[in-house]
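Asker: What follows is a structure written as structure tokens; I'll ask about it next.
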Amino acid sequence: MNAPADLRAVIFDLDGTLVDTADEFVVAVQALLDHHRRPAMDADRIRATVSSGAAALVTLALGLPATAATFEGERLRLLEFYSEVLGSRAGLFPGIENLLVELAARDIAWGIATNKPRAYTDPLLARLGIEPPPGSVVCPEDVRQRKPHPESLYRNCRDLGCAPHQAVYVGDHLRDIQAGRRAGMYTVAARYGYIEPDDDPSDWGADAGVDCSVDLYTLLLPG
């Protein structure tokens, strides 16, 4: 299936799709392990879990189930370690900057729909200073139901002045594709993102997929 002929907006997931933040989470997880005097973990294993969120990283590092009495304290500790490095090692994935510039040249809006709390999203975006800036940034505090519910994407569309069928959603997690499909959008699986070892993006049901972020340009802006 081809991207919408009347494309009006491209919406991105944040971590693992638009911005490579994994190195910062690697530092935070290793700091958590060190706090508990545990050995360092393979960085690639941490990277693969980043898109699943802080809770999943705590379970990965410490083997704690979310029901454990100490779990929430460890999750907050991890986020404290993350806050110390927030934005210091993050950057746009290759080709994204050129894509955003060309979208603006073609009068196509862009935005972000993320499950990352605004307390971390806003400082990260401020530090990156992306140009052109997004026309819409939707965080979990802005909606009643986060992804995979489509509410975030509906809000993006309202902000950007387009209908869902005129937008594309790009994400590196099953819940991103589920949200995009439920919203009636064209969906793209970012297979270059943070994919769990036992996950297969070909099973997500996306309309298209790319193995390299640079390929988004050709997929979304052919000709």
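Residue names in the structure tokens use chain letters A, B, ... in the order shown, residue numbers from 1 in each chain, and ligand numbers from 1 in the order shown.
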Would you kindly return, as a PyMOL selection string, each protein, DNA or RNA residue with an atom no farther than 9 Å from any atom of Leu174 of chain A, considering only C-alpha atoms and excluding same-chain residues fewer than 6 positions away?

Answerer: chain A and resi 148+189+199+201+203-206

Asker: Save out the residues we just selected, all heavy atoms, as a short mmCIF file (atom, residue, chain, number, x, y, z; two decimals), in the first residue's frame.

Answerer:
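The result, stored in again05.cif:
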data_model
loop_
_atom_site.label_atom_id
_atom_site.label_comp_id
_atom_site.auth_asym_id
_atom_site.auth_seq_id
_atom_site.Cartn_x
_atom_site.Cartn_y
_atom_site.Cartn_z
N PRO A 148 -1.75 1.90 23.02
CA PRO A 148 -2.21 1.75 21.63
C PRO A 148 -3.58 2.33 21.31
O PRO A 148 -4.07 2.16 20.18
CB PRO A 148 -2.22 0.23 21.44
CG PRO A 148 -2.53 -0.30 22.80
CD PRO A 148 -1.81 0.62 23.74
N ALA A 189 6.32 0.77 10.11
CA ALA A 189 7.10 0.15 11.17
C ALA A 189 8.56 0.56 11.04
O ALA A 189 9.20 0.30 10.01
CB ALA A 189 6.98 -1.37 11.11
N ASP A 199 10.57 -10.18 19.23
CA ASP A 199 9.52 -9.46 18.50
C ASP A 199 9.83 -9.47 17.01
O ASP A 199 10.99 -9.47 16.60
CB ASP A 199 9.43 -8.02 19.00
CG ASP A 199 8.07 -7.39 18.71
OD1 ASP A 199 7.23 -8.05 18.08
OD2 ASP A 199 7.87 -6.23 19.13
N PRO A 201 8.59 -7.26 13.69
CA PRO A 201 7.77 -6.19 13.14
C PRO A 201 6.89 -6.62 11.97
O PRO A 201 5.86 -5.97 11.70
CB PRO A 201 8.80 -5.15 12.70
CG PRO A 201 9.97 -5.38 13.60
CD PRO A 201 10.01 -6.87 13.78
N ASP A 203 4.97 -8.93 11.92
CA ASP A 203 3.71 -9.41 12.49
C ASP A 203 2.81 -8.27 12.97
O ASP A 203 1.70 -8.52 13.44
CB ASP A 203 3.98 -10.35 13.67
CG ASP A 203 4.66 -11.65 13.25
OD1 ASP A 203 4.48 -12.06 12.09
OD2 ASP A 203 5.37 -12.23 14.09
N TRP A 204 3.28 -7.04 12.91
CA TRP A 204 2.52 -5.94 13.49
C TRP A 204 1.35 -5.47 12.63
O TRP A 204 0.45 -4.80 13.12
CB TRP A 204 3.44 -4.74 13.74
CG TRP A 204 4.53 -4.99 14.73
CD1 TRP A 204 4.69 -6.07 15.55
CD2 TRP A 204 5.63 -4.11 15.01
NE1 TRP A 204 5.81 -5.93 16.33
CE2 TRP A 204 6.42 -4.74 16.02
CE3 TRP A 204 6.03 -2.87 14.52
CZ2 TRP A 204 7.57 -4.15 16.53
CZ3 TRP A 204 7.18 -2.28 15.03
CH2 TRP A 204 7.93 -2.91 16.02
N GLY A 205 1.38 -5.79 11.33
CA GLY A 205 0.30 -5.36 10.45
C GLY A 205 0.45 -3.96 9.91
O GLY A 205 -0.53 -3.34 9.47
N ALA A 206 1.67 -3.43 9.89
CA ALA A 206 1.91 -2.09 9.35
C ALA A 206 1.74 -2.09 7.83
O ALA A 206 1.91 -3.12 7.17
CB ALA A 206 3.31 -1.61 9.71
#

Asker: Apply DSSP to the backbone of this structure and, from chain A, keep only the residues in helix (DSSP H, G or I); write these as a PyMOL selection string.

Answerer: chain A and resi 22-35+43-52+54-62+71-85+96-105+118-128+140-142+151-160+164-166+174-183+201-203+215-220

Asker: Tell me, as a ChimeraX atom specification, which residues lie within 12 Å of Ala90 of chain A, counting only C-alpha atoms; anything in the same chain fewer than 6 positions away does not count.

Answerer: /A:14-16,18-27,82,121,123-130

Asker: At a cut-off of 9 Å, using only C-alpha atoms, what residues contact segment 156-168 of chain A? Leave out same-chain residues fewer than 4 positions from it and give the result as a list in words.

Answerer: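 In the requested format, the answer is Ala3, Pro4, Ala5, Asp6, Leu7, Arg8, Ala9, Val10, Ile11, Phe12, Ala109, Trp110, Gly111, Ile112, Ala113, Gly135, Ser136, Val137, Val138, Glu151, Ser152, Gly180, Ala183, Gly184, Met185, Tyr186, Thr187, Val188 and Leu220 of chain A.
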
Asker: Would you please work out which residue, of A:Ile195, A:Ala28, A:Leu153, A:Val210, is nearest to Glu84 of chain A when using only C-alpha atoms?

Answerer: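 The shortest atom-to-atom distance to Glu84 of chain A comes from A:Ala28.
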
Asker: Quick one: pull the distance between atom CA of Thr67 of chain A and atom CA of Gln178 of chain A, Å, one decimal.

Answerer: 26.1 Å

Asker: Which one is closest to Asp172 of chain A: A:Ala31, A:Ala208, A:Val143, A:Ala119? Count only C-alpha atoms.

Answerer: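 Nearest candidate to Asp172 of chain A out of A:Ala31, A:Ala208, A:Val143, A:Ala119: A:Ala208.
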
Asker: I'd like to know which residues of segment 3-202 of chain A are strand (DSSP E or B) (by DSSP, run on the backbone); could you write them as a list of chain:residue names?

Answerer: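 Of segment 3-202 of chain A, the ones in strand (DSSP E or B) are A:Ala9, A:Val10, A:Ile11, A:Phe12, A:Asp15, A:Val19, A:Asp20, A:Gly91, A:Leu92, A:Ala109, A:Trp110, A:Gly111, A:Ile112, A:Ala113, A:Ser136, A:Val137, A:Val138, A:Ala167, A:Val168, A:Tyr169, A:Val170, A:Gly171, A:Tyr186, A:Thr187, A:Val188, A:Ala189, A:Ala190.
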
Asker: Skipping near chain neighbours, those fewer than 4 positions away, what residues fall within 7 Å of Val50 of chain A using only C-alpha atoms, listed as a PyMOL selection string?

Answerer: chain A and resi 22+46+57+194

Asker: Mind dumping the selected residues with all heavy atoms as a JSON list (two decimals), in the first residue's frame?

Answerer:
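The result, written out as out-v4.json:
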[["chain", "number", "residue", "atom", "x", "y", "z"],
["A", 22, "ALA", "N", 18.66, 5.82, 23.12],
["A", 22, "ALA", "CA", 19.02, 4.57, 23.80],
["A", 22, "ALA", "C", 20.29, 4.69, 24.63],
["A", 22, "ALA", "O", 20.37, 4.12, 25.72],
["A", 22, "ALA", "CB", 19.16, 3.44, 22.79],
["A", 46, "ILE", "N", 19.76, -3.70, 26.45],
["A", 46, "ILE", "CA", 19.05, -2.55, 27.02],
["A", 46, "ILE", "C", 18.38, -1.75, 25.91],
["A", 46, "ILE", "O", 17.21, -1.36, 26.02],
["A", 46, "ILE", "CB", 20.01, -1.66, 27.83],
["A", 46, "ILE", "CG1", 20.60, -2.44, 29.01],
["A", 46, "ILE", "CG2", 19.30, -0.40, 28.33],
["A", 46, "ILE", "CD1", 21.71, -1.73, 29.73],
["A", 57, "LEU", "N", 12.34, -1.63, 31.66],
["A", 57, "LEU", "CA", 13.78, -1.58, 31.89],
["A", 57, "LEU", "C", 14.13, -1.98, 33.33],
["A", 57, "LEU", "O", 15.16, -2.63, 33.57],
["A", 57, "LEU", "CB", 14.31, -0.17, 31.60],
["A", 57, "LEU", "CG", 14.34, 0.22, 30.12],
["A", 57, "LEU", "CD1", 14.65, 1.70, 29.96],
["A", 57, "LEU", "CD2", 15.36, -0.61, 29.35],
["A", 194, "TYR", "N", 14.01, 0.25, 18.46],
["A", 194, "TYR", "CA", 14.35, -0.59, 19.60],
["A", 194, "TYR", "C", 13.41, -1.79, 19.65],
["A", 194, "TYR", "O", 12.34, -1.73, 20.27],
["A", 194, "TYR", "CB", 14.27, 0.22, 20.89],
["A", 194, "TYR", "CG", 15.02, 1.54, 20.83],
["A", 194, "TYR", "CD1", 14.52, 2.67, 21.46],
["A", 194, "TYR", "CD2", 16.23, 1.65, 20.14],
["A", 194, "TYR", "CE1", 15.21, 3.87, 21.42],
["A", 194, "TYR", "CE2", 16.92, 2.85, 20.10],
["A", 194, "TYR", "CZ", 16.40, 3.96, 20.73],
["A", 194, "TYR", "OH", 17.06, 5.15, 20.68]]
